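Peer 1: I have a structure I would like to understand better, so I am pasting it below and will then ask my questions one at a time.
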2 protein chains.
Amino acid sequence: MKIFRKIEEQQNYSLVKKSKSIKVAVVPTMGFLHEGHLGLIDKAREYADEVMVSIFVNPTQFGGGEDYKEYPRDEEKDLELLKGKSVDAAFIPEPDEMYPEGFKTFCEVKELSEKYCGESRPGHFRGVVTVVLKLFNITQPNFAVFGEKDYQQYIIIKTMTGDLNLPIKIIAATIIREKDGLAVSSRNIYLNGEERKEASVLYESLIMAKGMVKNGEYRVGVLKKEMNELIKTKKHARIDYIEFVDPYTLERIGEVDKPVRILMAVKIGKARLIDNMEVRP
Amino acid sequence: MKIFRKIEEQQNYSLVKKSKSIKVAVVPTMGFLHEGHLGLIDKAREYADEVMVSIFVNPTQFGGGEDYKEYPRDEEKDLELLKGKSVDAAFIPEPDEMYPEGFKTFCEVKELSEKYCGESRPGHFRGVVTVVLKLFNITQPNFAVFGEKDYQQYIIIKTMTGDLNLPIKIIAATIIREKDGLAVSSRNIYLNGEERKEASVLYESLIMAKGMVKNGEYRVGVLKKEMNELIKTKKHARIDYIEFVDPYTLERIGEVDKPVRILMAVKIGKARLIDNMEVRP
C-alpha cells in the first residue's frame with residue numbers, strides 16, 4: 001500500500017492512474033477506522049480497479065466548542081486495517097499541508113447546509129464541502145463513497161458534485177450497526193457504560209416510527225411525538241432534532257405520503273449521535 | 001472546430017484528451033471577442049496542444065442593477081474569430097445548462113473578493129469563482145489563461161486554483177491597448193464619441209504615476225492625489241477607486257518600496273472601466 005503525506009505526491013500518482021484510464025474510487029475518512037469505514041471500502045471495491053482512502057481530521061468542519069482536539073486518532077491501527085482490505089493508497093496529510101498560511105477559499109451548498117446538523121453546527125458543512133472538494137481534486141477519483149449514516153452530508157456532497165460538474169459518481173453505503181442497533185461511529189467511544197446502553201434508543205425510535213408507518217400512521221406530528229417520548233425515557237439523552245424530510249431536497253414534510261427520510265441527532269452525555277432511516281407508506 | 005453546447009459533450013471530449021495526455025489550455029470568455037481575447041488565445045497556444053474557448057455571459061457574476069441583459073453578444077462573429085485562430089473547441093452553454101433548477105453551490109475566496117471591484121460589485125467574484133470552477137471541471141484543462149486587465153480576478157482565480165488543489169496552471173496575459181492606451185474591453189462599446197476620447201485618461205494617469213515613481217516619488221498619497229486630479233479634468237469621469245496594492249495579496253500599501261500594482265476603476269458615462277499597471281521603485 002502506498003502512503004502519501006504530500007498533496008503533490010498523491011495528485012501525481014492519481015493523475016498517472018487517470019491517464020491510464022484506471023478506475024479509481026476514493027473513501028474520505030477522518031480515521032479511527034471501524035466496521036462502518038470497512039463497509040465503505042468494500043463498496044468502493046465494487047466500482048473501481050483501485051481504492052484510495054484519505055485520513056484527515058479536518059479542522060475547518062469543527063466549531064469552536066467542538067471536539068477537534070479530542071477526536072480519536074490511531075494511525076497505526078488505521079494503516080493495519082487498510083492493508084487488511086488491500087487498499088491501494090492512503091492519503092494522510094497534516095493540517096498545514098491542506099491549509100497553508102493564506103488559505104482563503106471556501107465552498108458552500110446553500111439551503112441544504114443551514115438546517116438540521118448545520119443549524120447545531122454552523123460552518124460545519126462549509127468545512128466538509130471544501131475539504132471534500134480538495135480531496136477530490138487531489139485524488140482525482142471516478143467514484144467516491146460516503147456512509148448513509150451522515151445522510152445530510154451525503155446529499156450535500158452529491159449536490160456539490162453535480163452543481164460543480166465534477167466527473168465523479170457519489171456512492172452511498174448503508175449504515176453499519178452494532179448488535180443493539182446503534183450506528184457504528186468513531187464518536188461512540190465518548191459513551192460510558194450507562195450512556196452506551198441508552199444510545200440504542202436512536203435506532204429503537206426509528207424502528208418504532210417505521211412500524212407505526214407500516215400500521216398506517218402517516219402524520220409526522222404524531223410520529224415525532226412518539227419518538228420524542230421514547231427518547232425522553234433515557235436519563236442522559238437530549239434531543240437535538242428529529243425531522244421527516246424529502247430524501248433528495250431534505251425539505252421537511254408533514255405526512256408520510258411518499259418515501260421519506262427520518263433524520264435525527266441526540267446528545268447522550270458528551271457524544272452527539274446521529275442516525276437516520278427511510279420509511280415509506 | 002468543435003462546438004459544444006452541452007456540458008456532458010464538452011466534458012466527455014475533454015476527458016478523452018486527458019486520458020491521451022494531450023495538453024489542453026482553456027480561455028474562459030464572455031464572448032463579444034476582441035483583440036484582448038485573441039491575445040489570450042495566442043498565449044494559450046504557447047502552452048498547449050489543444051486550445052478550448054468558452055463563451056458564456058455568466059448571470060451569477062452580475063449584480064441587480066448591472067448590465068447582464070445589455071452585455072454585448074455576437075456569437076456568429078465570435079465563432080469566425082475562433083476559427084481564424086484555429087481554436088480546437090468552443091464551449092457555448094445556455095444559462096439553464098450551467099445553472100439548472102435547484103442549483104445551490106457557490107465558491108468564494110475570502111478577503112480578496114470583498115475589496116476594490118468586489119466592494120462596488122457585491123457577489124461579483126463569488127459568481128466568477130463559481131463559474132470558473134465549473135468551467136475548469138467541464139473542460140479539464142492543464143492551463144487556463146486570463147487577462148491581466150482584470151487583475152483582481154486573475155489573482156482571485158489563481159488563489160482559488162491553488163487553495164482547491166486543482167491540477168491547473170493559471171497563466172496571465174498582458175493587457176492589449178488601443179492606440180491611445182485605453183485597455184481593450186467589450187464594455188468600451190458603451191462609450192459615445194466624447195466619452196471614448198476621455199476614456200484614455202485611465203492609462204494616462206497610470207503612465208503619469210509610473211513616471212512620478214521613476215522620478216523618486218514613492219508616497220502613495222501623493223501619487224493617488226495626482227491621478228485623481230488628472231482624471232477629474234474629464235467631464236464624464238467618476239472615479240470608483242484607485243489603489244496601490246501588493247501584487248499577490250492585493251493588500252493596500254502606503255509607499256512604493258517594492259513592485260506594486262496600481263488598480264483602478266472609473267465610470268465614464270455608463271461604462272465602468274478598469275485598468276492596472278505595475279510600478280516599481
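Identifiers in the C-alpha cells: chain A, B, ... in order shown; residue index from 1 per chain; ligand index from 1 in order shown.
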Pick out the residues sitting within 6 Å of stretch 146-149 of chain A, and hand them over as a PyMOL selection string; count only C-alpha atoms, and ignore anything fewer than 2 positions along from it in its own chain.
Peer 2: chain A and resi 151+172-175+275
Peer 1: Residues of the last selection are to be written out with C-alpha atoms, as an mmCIF file, in the first residue's frame.
Peer 2:
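selection38.cif was written with the following content:
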```cif
data_model
loop_
_atom_site.group_PDB
_atom_site.id
_atom_site.type_symbol
_atom_site.label_atom_id
_atom_site.label_comp_id
_atom_site.auth_asym_id
_atom_site.auth_seq_id
_atom_site.Cartn_x
_atom_site.Cartn_y
_atom_site.Cartn_z
ATOM 1 C CA TYR A 151 -27.196 11.362 5.362
ATOM 2 C CA ALA A 172 -23.845 5.807 -0.674
ATOM 3 C CA ALA A 173 -23.106 2.839 1.577
ATOM 4 C CA THR A 174 -25.728 1.619 4.047
ATOM 5 C CA ILE A 175 -25.356 2.142 7.787
ATOM 6 C CA ASP A 275 -28.907 8.366 12.787
#
```
Peer 1: Would you mind listing what lies within 10 Å of stretch 79-90 of chain A as JSON, numbers by chain, with only C-alpha atoms counted and same-chain residues fewer than 2 positions away left out?
Peer 2: {"A": [1, 2, 3, 4, 5, 10, 13, 14, 24, 26, 27, 28, 31, 32, 33, 34, 35, 37, 38, 41, 42, 44, 45, 49, 50, 51, 52, 53, 54, 55, 74, 75, 76, 77, 92, 93, 139]}
Peer 1: For atom CA of A:Gly211 and atom CA of A:Ile239, determine how far apart the two atoms are, in Å to one decimal place.
Peer 2: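 Computing it gives 20.9 Å between the two atoms.
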Peer 1: Would you mind reading off the distance between atom CA of B:Ile207 and atom CA of B:Pro247, one decimal, in Å?
Peer 2: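 Atom-to-atom, atom CA of B:Ile207 to atom CA of B:Pro247, that is 17.6 Å.
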Peer 1: Near chain B, which residues of chain A fall within 7 Å when you count only C-alpha atoms, and what do they look like as a PDB file with C-alpha atoms, in the first residue's frame?
Peer 2:
```pdb
ATOM      1  CA  LYS A  18      -6.246   8.813 -14.772  1.00  0.00           C
ATOM      2  CA  SER A  19      -4.036   8.978 -17.854  1.00  0.00           C
ATOM      3  CA  LYS A  20      -4.109   5.165 -17.929  1.00  0.00           C
ATOM      4  CA  SER A  21      -7.924   5.167 -17.582  1.00  0.00           C
ATOM      5  CA  PHE A 103      -5.724  29.798   2.631  1.00  0.00           C
ATOM      6  CA  LYS A 104      -8.872  31.727   1.677  1.00  0.00           C
ATOM      7  CA  THR A 105     -11.215  29.606  -0.433  1.00  0.00           C
ATOM      8  CA  PHE A 106     -14.468  28.078   0.775  1.00  0.00           C
ATOM      9  CA  CYS A 107     -17.286  26.282  -0.927  1.00  0.00           C
ATOM     10  CA  GLU A 108     -20.878  26.108   0.245  1.00  0.00           C
ATOM     11  CA  VAL A 109     -24.104  24.377  -0.684  1.00  0.00           C
ATOM     12  CA  LYS A 110     -26.791  26.884   0.220  1.00  0.00           C
ATOM     13  CA  LEU A 133     -13.660  19.208  -2.971  1.00  0.00           C
ATOM     14  CA  LYS A 134      -9.935  19.481  -2.205  1.00  0.00           C
ATOM     15  CA  ASN A 137      -9.061  17.377  -6.798  1.00  0.00           C
ATOM     16  CA  ILE A 138      -6.082  15.701  -5.141  1.00  0.00           C
ATOM     17  CA  MET A 160     -21.987  19.938  -4.757  1.00  0.00           C
ATOM     18  CA  ASP A 163     -23.555  21.585  -9.306  1.00  0.00           C
ATOM     19  CA  LEU A 164     -19.814  21.929  -9.909  1.00  0.00           C
ATOM     20  CA  ASN A 165     -19.864  19.365 -12.756  1.00  0.00           C
ATOM     21  CA  LEU A 166     -17.241  17.125 -11.222  1.00  0.00           C
TER      22      LEU A 166
END
```
Peer 1: Please extract the residues of stretch 8-205 of chain A with a backbone DSSP assignment of strand (DSSP E or B) and present them as a short mmCIF file (atom, residue, chain, number, x, y, z; two decimals) with C-alpha atoms, in the first residue's frame.
Peer 2:
```
data_model
loop_
_atom_site.label_atom_id
_atom_site.label_comp_id
_atom_site.auth_asym_id
_atom_site.auth_seq_id
_atom_site.Cartn_x
_atom_site.Cartn_y
_atom_site.Cartn_z
CA VAL A 24 -10.37 4.90 -9.02
CA ALA A 25 -12.68 5.11 -6.02
CA VAL A 26 -11.87 7.26 -3.01
CA VAL A 27 -13.17 6.87 0.53
CA PRO A 28 -12.66 10.12 2.50
CA THR A 29 -12.41 9.44 6.25
CA GLU A 50 -8.06 0.97 -7.40
CA VAL A 51 -9.25 2.12 -3.96
CA MET A 52 -7.75 5.13 -2.20
CA VAL A 53 -8.59 6.12 1.37
CA SER A 54 -7.88 9.53 2.86
CA ILE A 55 -7.40 10.00 6.59
CA ALA A 89 -3.15 4.09 -1.48
CA ALA A 90 -3.67 6.03 1.74
CA PHE A 91 -3.54 9.84 1.72
CA THR A 105 -11.21 29.61 -0.43
CA PHE A 106 -14.47 28.08 0.78
CA CYS A 107 -17.29 26.28 -0.93
CA GLU A 108 -20.88 26.11 0.24
CA VAL A 109 -24.10 24.38 -0.68
CA PHE A 143 -16.16 7.26 -7.68
CA ALA A 144 -16.37 8.44 -4.09
CA VAL A 145 -18.10 6.51 -1.33
CA PHE A 146 -19.84 8.09 1.67
CA GLY A 147 -21.77 6.49 4.50
CA LYS A 169 -20.08 9.45 -9.15
CA ILE A 170 -21.08 9.66 -5.49
CA ILE A 171 -21.97 6.29 -3.96
CA ALA A 172 -23.84 5.81 -0.67
CA ALA A 173 -23.11 2.84 1.58
CA ARG A 177 -24.92 -1.11 13.19
CA ALA A 183 -24.97 3.05 14.26
#
```
Peer 1: Mind listing the alpha helix (DSSP H) residues of stretch 17-120 of chain A, per DSSP on the backbone, as number ranges by chain?
Peer 2: A: 17-19, 35-47, 75-84, 95-98, 117-120
Peer 1: Please produce an output containing C-alpha atoms for each residue in the selection, written as a PDB file, in the first residue's frame.
Peer 2:
```pdb
ATOM      1  CA  LYS A  17      -3.897   6.468 -12.941  1.00  0.00           C
ATOM      2  CA  LYS A  18      -6.246   8.813 -14.772  1.00  0.00           C
ATOM      3  CA  SER A  19      -4.036   8.978 -17.854  1.00  0.00           C
ATOM      4  CA  GLU A  35     -16.610  -1.537  10.613  1.00  0.00           C
ATOM      5  CA  GLY A  36     -18.516   1.342   9.020  1.00  0.00           C
ATOM      6  CA  HIS A  37     -15.435   2.517   7.122  1.00  0.00           C
ATOM      7  CA  LEU A  38     -14.557  -1.029   6.102  1.00  0.00           C
ATOM      8  CA  GLY A  39     -18.028  -1.291   4.598  1.00  0.00           C
ATOM      9  CA  LEU A  40     -17.310   1.849   2.551  1.00  0.00           C
ATOM     10  CA  ILE A  41     -14.064   0.314   1.299  1.00  0.00           C
ATOM     11  CA  ASP A  42     -15.866  -2.884   0.259  1.00  0.00           C
ATOM     12  CA  LYS A  43     -18.405  -0.757  -1.590  1.00  0.00           C
ATOM     13  CA  ALA A  44     -15.594   1.196  -3.309  1.00  0.00           C
ATOM     14  CA  ARG A  45     -14.028  -2.068  -4.456  1.00  0.00           C
ATOM     15  CA  GLU A  46     -17.262  -2.995  -6.265  1.00  0.00           C
ATOM     16  CA  TYR A  47     -16.873   0.022  -8.549  1.00  0.00           C
ATOM     17  CA  GLU A  75      -2.978   5.930  12.588  1.00  0.00           C
ATOM     18  CA  GLU A  76      -1.091   2.719  13.250  1.00  0.00           C
ATOM     19  CA  LYS A  77      -4.254   0.674  13.640  1.00  0.00           C
ATOM     20  CA  ASP A  78      -5.863   2.501  10.687  1.00  0.00           C
ATOM     21  CA  LEU A  79      -2.988   1.525   8.396  1.00  0.00           C
ATOM     22  CA  GLU A  80      -3.225  -2.107   9.505  1.00  0.00           C
ATOM     23  CA  LEU A  81      -6.930  -2.177   8.738  1.00  0.00           C
ATOM     24  CA  LEU A  82      -6.373  -0.582   5.309  1.00  0.00           C
ATOM     25  CA  LYS A  83      -3.663  -3.107   4.441  1.00  0.00           C
ATOM     26  CA  GLY A  84      -6.025  -5.873   5.536  1.00  0.00           C
ATOM     27  CA  PRO A  95      -3.417  20.191   8.572  1.00  0.00           C
ATOM     28  CA  ASP A  96      -0.674  22.596   7.374  1.00  0.00           C
ATOM     29  CA  GLU A  97      -0.413  20.689   4.123  1.00  0.00           C
ATOM     30  CA  MET A  98      -4.149  21.062   3.467  1.00  0.00           C
ATOM     31  CA  CYS A 117     -26.932  19.360  11.676  1.00  0.00           C
ATOM     32  CA  GLY A 118     -25.944  22.654  10.036  1.00  0.00           C
ATOM     33  CA  GLU A 119     -28.121  24.556  12.498  1.00  0.00           C
ATOM     34  CA  SER A 120     -26.451  22.947  15.523  1.00  0.00           C
TER      35      SER A 120
END
```
Peer 1: A:Asn188: which residues within 8 Å, counting only C-alpha atoms, same-chain residues fewer than 3 positions away excluded, as a list of chain:residue names?
Peer 2: A:Val184, A:Ser185, A:Leu191, A:Arg196, A:Ala271, A:Leu273
Peer 1: Atom CA of B:Leu263 and atom CA of B:Ile242, how far apart in Å?
Peer 2: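 Taking atom CA of B:Ile242 as the start and atom CA of B:Leu263 as the end point, the length is 5.8 Å.
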Peer 1: With only C-alpha atoms as the counted atoms, please give the residues lying no more than 12 Å from A:Tyr190, apart from itself and same-chain residues fewer than 3 positions off, as an mmCIF file with C-alpha atoms, in the first residue's frame.
Peer 2:
```cif
data_model
loop_
_atom_site.group_PDB
_atom_site.id
_atom_site.type_symbol
_atom_site.label_atom_id
_atom_site.label_comp_id
_atom_site.auth_asym_id
_atom_site.auth_seq_id
_atom_site.Cartn_x
_atom_site.Cartn_y
_atom_site.Cartn_z
ATOM 1 C CA ASP A 67 -14.213 18.033 19.726
ATOM 2 C CA GLU A 70 -10.285 15.142 21.422
ATOM 3 C CA TYR A 71 -11.427 13.463 18.211
ATOM 4 C CA PRO A 72 -9.946 9.946 18.453
ATOM 5 C CA SER A 185 -19.349 5.758 14.744
ATOM 6 C CA SER A 186 -15.939 6.939 15.924
ATOM 7 C CA ARG A 187 -17.721 9.150 18.428
ATOM 8 C CA GLY A 193 -21.215 2.187 30.114
ATOM 9 C CA GLU A 194 -24.619 3.535 31.065
ATOM 10 C CA GLU A 195 -24.733 6.006 28.163
ATOM 11 C CA ARG A 196 -23.760 3.247 25.741
ATOM 12 C CA ALA A 199 -27.601 5.020 22.954
ATOM 13 C CA LYS A 267 -26.761 14.098 22.579
ATOM 14 C CA ILE A 268 -26.032 11.339 25.070
ATOM 15 C CA GLY A 269 -23.538 12.515 27.643
ATOM 16 C CA LYS A 270 -20.905 14.379 25.665
ATOM 17 C CA ALA A 271 -21.429 12.314 22.489
ATOM 18 C CA ARG A 272 -23.596 13.852 19.784
ATOM 19 C CA LEU A 273 -25.043 10.884 17.896
#
```
Peer 1: I'd like the contact shell of A:Glu251 - 12 Å cut-off, only C-alpha atoms, skipping same-chain residues fewer than 4 positions apart - returned as a list in words.
Peer 2: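 Near A:Glu251, the qualifying residues are Glu111, Leu112, Ser113, Glu114, Lys115, Tyr116, Gln152, Ile155, Glu243, Phe244, Val245, Asp246, Pro247, Val260, Arg261, Ile262 and Leu263 of chain A.
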